[in-house]
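Below: the structure, in structure tokens.
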Amino acid sequence: VAYVAFNLKGRGGQGVHPIFGDRDVRRAIALGVNRTATVRSLFGAEGQVPVGPTAPAQWIWSDSIRQLRYDPQEAARLLDARGWRVPPGGGVREKSGVPLRFTLLLPTTSRARQDAAVLVQAQLRAIGVDMRLEPLEFALFEQRSVRKDFDAVFQSRTLDASPVGILQLFGSAGVRQSNYGSYESQAFDSLAGRAIAAPTRAAARPLWREALGTLNDDAAAVFLFSPPFSAAFQRRF
């Protein structure tokens, strides 16, 4: 699954990010991204819009999981309410003279992420958000991600059959590891922990789905696409 993770802390993981430390601003930006149009442009009917950091092959997937669906009008309303307003001449929103501008890191090794970033850039421009793109050679991309030296980062992860790895990406305990955006939520941690401890998949499934709904509510990331997957199987008689 490919996703744009927001850095909730300042550069280097210190303090609070001046844009993404605000939950409503993160939600607005997520609402301003047309994920369905992006996936169709990249993959046609073969791609999938993720419901979170999961894939259809995982047993927790469900279209019923709460998501922030494309709504540019609501995005604009939220940004206005948080003081990020379009100046009289139009263009990029500002707050106290500071433009609503951030930089997205992405690797030069991924054509799909580069193409998706250009589409998202145009979608956000339409709601007055200026997202700059910074393509990096992969080793440097990973170094910057680990150091939390970014505003937003376009990550991609191959998921295991078990959803336990989601905690490494978004659980509070993963902040010093693969949780590059430093998202921390007691509600998410509690739901995921209860899901892991559940005795059966039937008991764990609703807990995982509620955990993903909480993650989406907080707009810790924008989950953009799951690329088409092809596999060949041999049946022996």
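Each chain in the structure tokens gets a letter, A, B, ..., in the order shown, and its residues are numbered from 1; ligands are numbered from 1 in order too.
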For region 109-140 of chain A versus region 39-42 of chain A, which residues have an atom no more than 10 Å away, and what is each residue's nearest atom pair and distance in Å rounded to one decimal, using only C-alpha atoms, chain-then-number order, as a Markdown table?
```
| residue | atom | partner | partner_atom | distance |
| --- | --- | --- | --- | --- |
| A:Ala112 | CA | A:Leu42 | CA | 7.1 |
| A:Arg113 | CA | A:Leu42 | CA | 9.5 |
| A:Asp115 | CA | A:Leu42 | CA | 7.5 |
| A:Ala116 | CA | A:Leu42 | CA | 7.2 |
| A:Leu119 | CA | A:Ser41 | CA | 8.8 |
```
- Message: Residues of region 98-230 of chain A classed as strand (DSSP E or B) by DSSP on the backbone are to be reported as a list of chain:residue names.
- Response: A:Val98, A:Pro99, A:Arg101, A:Phe102, A:Thr103, A:Leu104, A:Leu105, A:Leu106, A:Pro107, A:Asp130, A:Met131, A:Arg132, A:Leu133, A:Glu134, A:Pro135, A:Leu136, A:Ala152, A:Val153, A:Phe154, A:Gln155, A:Ser156, A:Ala221, A:Val222, A:Phe223, A:Leu224, A:Phe225, A:Ser226
- Item | Residues near Leu167 (chain A), cut-off 9 Å, only C-alpha atoms, skip fewer than 5 positions along chain, as a PyMOL selection string | chain A and resi 172-174+179+189+192-193
For the selection just defined, write its residues with N, CA, C and O atoms to a file, as a short mmCIF file (atom, residue, chain, number, x, y, z; two decimals), in the first residue's frame.
```cif
data_model
loop_
_atom_site.label_atom_id
_atom_site.label_comp_id
_atom_site.auth_asym_id
_atom_site.auth_seq_id
_atom_site.Cartn_x
_atom_site.Cartn_y
_atom_site.Cartn_z
N SER A 172 2.25 3.97 18.76
CA SER A 172 3.13 4.87 19.51
C SER A 172 4.50 4.25 19.76
O SER A 172 5.52 4.95 19.76
N ALA A 173 4.54 2.93 19.95
CA ALA A 173 5.81 2.27 20.19
C ALA A 173 6.73 2.28 18.97
O ALA A 173 7.93 2.06 19.09
N GLY A 174 6.15 2.55 17.80
CA GLY A 174 6.95 2.57 16.58
C GLY A 174 7.51 3.92 16.21
O GLY A 174 8.13 4.07 15.15
N ASN A 179 7.39 4.29 12.36
CA ASN A 179 6.33 5.29 12.45
C ASN A 179 6.96 6.66 12.20
O ASN A 179 7.15 7.46 13.11
N ASP A 189 -3.80 2.73 19.80
CA ASP A 189 -2.96 1.73 20.45
C ASP A 189 -3.81 0.71 21.22
O ASP A 189 -3.55 -0.50 21.18
N ALA A 192 -5.80 -1.60 18.77
CA ALA A 192 -4.89 -2.55 18.12
C ALA A 192 -4.38 -3.59 19.11
O ALA A 192 -4.29 -4.78 18.78
N GLY A 193 -4.07 -3.16 20.32
CA GLY A 193 -3.61 -4.10 21.34
C GLY A 193 -4.67 -5.12 21.70
O GLY A 193 -4.37 -6.32 21.86
#
```
- Task: For region 79-96 of chain A, list every protein, DNA or RNA residue within 8 Å, evaluated using only C-alpha atoms, and leave out those in the same chain fewer than 2 positions away; present the list as a VMD selection string.
- Result: chain A and resid 24 to 25 28 75 to 77 98 to 101 125 128 to 130
Write a file of the selected residues as a tab-separated table (two decimals), in the first residue's frame, keeping all heavy atoms.
```
chain	number	residue	atom	x	y	z
A	24	ASP	N	-7.24	19.15	12.28
A	24	ASP	CA	-8.21	19.62	11.30
A	24	ASP	C	-7.56	19.96	9.97
A	24	ASP	O	-8.16	19.76	8.90
A	24	ASP	CB	-8.97	20.84	11.83
A	24	ASP	CG	-10.08	20.46	12.80
A	24	ASP	OD1	-10.42	19.26	12.87
A	24	ASP	OD2	-10.59	21.35	13.49
A	25	VAL	N	-6.35	20.48	10.00
A	25	VAL	CA	-5.64	20.78	8.75
A	25	VAL	C	-5.28	19.48	8.04
A	25	VAL	O	-5.41	19.38	6.81
A	25	VAL	CB	-4.39	21.63	9.02
A	25	VAL	CG1	-3.56	21.80	7.74
A	25	VAL	CG2	-4.80	23.00	9.55
A	28	ALA	N	-8.38	18.26	6.44
A	28	ALA	CA	-8.72	19.06	5.27
A	28	ALA	C	-7.91	18.62	4.05
A	28	ALA	O	-8.44	18.48	2.94
A	28	ALA	CB	-8.50	20.54	5.55
A	75	ALA	N	-13.15	20.47	2.85
A	75	ALA	CA	-11.74	20.79	3.05
A	75	ALA	C	-11.53	22.30	3.16
A	75	ALA	O	-10.84	22.79	4.06
A	75	ALA	CB	-10.91	20.22	1.90
A	76	ALA	N	-12.16	23.04	2.26
A	76	ALA	CA	-12.03	24.50	2.28
A	76	ALA	C	-12.63	25.09	3.55
A	76	ALA	O	-12.08	26.02	4.15
A	76	ALA	CB	-12.71	25.09	1.05
A	77	ARG	N	-13.76	24.53	3.99
A	77	ARG	CA	-14.40	25.03	5.21
A	77	ARG	C	-13.49	24.83	6.43
A	77	ARG	O	-13.34	25.74	7.27
A	77	ARG	CB	-15.73	24.30	5.44
A	77	ARG	CG	-16.55	24.87	6.59
A	77	ARG	CD	-17.66	23.94	7.01
A	77	ARG	NE	-17.14	22.74	7.67
A	77	ARG	CZ	-16.71	22.71	8.93
A	77	ARG	NH1	-16.70	23.81	9.67
A	77	ARG	NH2	-16.28	21.58	9.45
A	98	VAL	N	1.85	33.62	6.42
A	98	VAL	CA	2.63	32.42	6.10
A	98	VAL	C	1.83	31.57	5.11
A	98	VAL	O	0.67	31.23	5.38
A	98	VAL	CB	2.94	31.60	7.37
A	98	VAL	CG1	3.69	30.33	7.00
A	98	VAL	CG2	3.73	32.44	8.35
A	99	PRO	N	2.39	31.20	3.97
A	99	PRO	CA	1.66	30.40	2.99
A	99	PRO	C	1.47	28.96	3.46
A	99	PRO	O	2.31	28.42	4.17
A	99	PRO	CB	2.53	30.46	1.73
A	99	PRO	CG	3.91	30.72	2.24
A	99	PRO	CD	3.74	31.57	3.47
A	100	LEU	N	0.38	28.36	3.04
A	100	LEU	CA	0.10	26.96	3.36
A	100	LEU	C	0.88	26.11	2.35
A	100	LEU	O	0.35	25.65	1.34
A	100	LEU	CB	-1.39	26.67	3.30
A	100	LEU	CG	-1.86	25.25	3.69
A	100	LEU	CD1	-1.20	24.79	4.98
A	100	LEU	CD2	-3.38	25.21	3.80
A	101	ARG	N	2.13	25.89	2.67
A	101	ARG	CA	3.06	25.24	1.75
A	101	ARG	C	3.86	24.18	2.50
A	101	ARG	O	4.31	24.41	3.62
A	101	ARG	CB	4.00	26.28	1.15
A	101	ARG	CG	5.09	25.73	0.24
A	101	ARG	CD	5.93	26.85	-0.34
A	101	ARG	NE	5.12	27.71	-1.21
A	101	ARG	CZ	5.08	29.03	-1.13
A	101	ARG	NH1	5.80	29.67	-0.20
A	101	ARG	NH2	4.33	29.73	-1.96
A	125	ARG	N	-3.69	22.02	-5.01
A	125	ARG	CA	-3.62	23.40	-5.49
A	125	ARG	C	-5.03	23.98	-5.65
A	125	ARG	O	-5.25	25.18	-5.42
A	125	ARG	CB	-2.87	23.44	-6.82
A	125	ARG	CG	-2.58	24.87	-7.31
A	125	ARG	CD	-1.85	24.87	-8.64
A	125	ARG	NE	-0.56	24.20	-8.54
A	125	ARG	CZ	-0.22	23.12	-9.25
A	125	ARG	NH1	-1.08	22.58	-10.10
A	125	ARG	NH2	0.97	22.59	-9.12
A	128	GLY	N	-6.14	25.53	-2.56
A	128	GLY	CA	-5.27	26.57	-2.03
A	128	GLY	C	-4.09	26.08	-1.23
A	128	GLY	O	-3.51	26.83	-0.43
A	129	VAL	N	-3.69	24.82	-1.44
A	129	VAL	CA	-2.55	24.24	-0.72
A	129	VAL	C	-1.40	24.03	-1.71
A	129	VAL	O	-1.59	23.43	-2.77
A	129	VAL	CB	-2.92	22.89	-0.07
A	129	VAL	CG1	-1.70	22.28	0.63
A	129	VAL	CG2	-4.07	23.08	0.92
A	130	ASP	N	-0.23	24.52	-1.36
A	130	ASP	CA	0.94	24.42	-2.23
A	130	ASP	C	1.84	23.29	-1.75
A	130	ASP	O	2.57	23.44	-0.77
A	130	ASP	CB	1.71	25.74	-2.23
A	130	ASP	CG	2.91	25.72	-3.17
A	130	ASP	OD1	2.98	24.82	-4.03
A	130	ASP	OD2	3.78	26.60	-3.03
```
- Residues within 10 Å of Leu215 (chain A), only C-alpha atoms, excluding chain neighbours under 6 positions, as a list in words: Gly52, Pro53, Arg66, Gln67, Phe170, Gly171, Tyr183, Glu184, Ser185, Ala187, Phe188, Asp189, Arg209 and Ala221 of chain A
- Item | Polymer residues at most 8 Å from Asp71 (chain A), only C-alpha atoms, same-chain spacing of 3 or more positions, as an NGL selection string | :A and (31-32 or 74-75)
Just to be explicit: take each residue in the selection above, keep all heavy atoms, and write the result as a PDB file, in the first residue's frame.
```
ATOM      1  N   LEU A  31      -9.170  15.382   2.794  1.00  0.00           N
ATOM      2  CA  LEU A  31     -10.441  15.575   2.092  1.00  0.00           C
ATOM      3  C   LEU A  31     -10.244  16.198   0.708  1.00  0.00           C
ATOM      4  O   LEU A  31     -11.092  16.050  -0.177  1.00  0.00           O
ATOM      5  CB  LEU A  31     -11.368  16.459   2.924  1.00  0.00           C
ATOM      6  CG  LEU A  31     -11.951  15.825   4.190  1.00  0.00           C
ATOM      7  CD1 LEU A  31     -12.500  16.906   5.120  1.00  0.00           C
ATOM      8  CD2 LEU A  31     -13.032  14.820   3.837  1.00  0.00           C
ATOM      9  N   GLY A  32      -9.121  16.887   0.518  1.00  0.00           N
ATOM     10  CA  GLY A  32      -8.853  17.529  -0.761  1.00  0.00           C
ATOM     11  C   GLY A  32      -8.213  16.626  -1.791  1.00  0.00           C
ATOM     12  O   GLY A  32      -7.974  17.051  -2.930  1.00  0.00           O
ATOM     13  N   GLU A  74     -15.760  20.700   1.996  1.00  0.00           N
ATOM     14  CA  GLU A  74     -15.514  20.540   3.429  1.00  0.00           C
ATOM     15  C   GLU A  74     -14.055  20.836   3.757  1.00  0.00           C
ATOM     16  O   GLU A  74     -13.740  21.404   4.820  1.00  0.00           O
ATOM     17  CB  GLU A  74     -15.878  19.118   3.868  1.00  0.00           C
ATOM     18  CG  GLU A  74     -15.592  18.799   5.329  1.00  0.00           C
ATOM     19  CD  GLU A  74     -16.380  19.635   6.327  1.00  0.00           C
ATOM     20  OE1 GLU A  74     -17.308  20.375   5.913  1.00  0.00           O
ATOM     21  OE2 GLU A  74     -16.065  19.565   7.526  1.00  0.00           O
ATOM     22  N   ALA A  75     -13.153  20.474   2.852  1.00  0.00           N
ATOM     23  CA  ALA A  75     -11.738  20.790   3.055  1.00  0.00           C
ATOM     24  C   ALA A  75     -11.535  22.298   3.161  1.00  0.00           C
ATOM     25  O   ALA A  75     -10.838  22.785   4.057  1.00  0.00           O
ATOM     26  CB  ALA A  75     -10.906  20.223   1.899  1.00  0.00           C
TER      27      ALA A  75
END
```
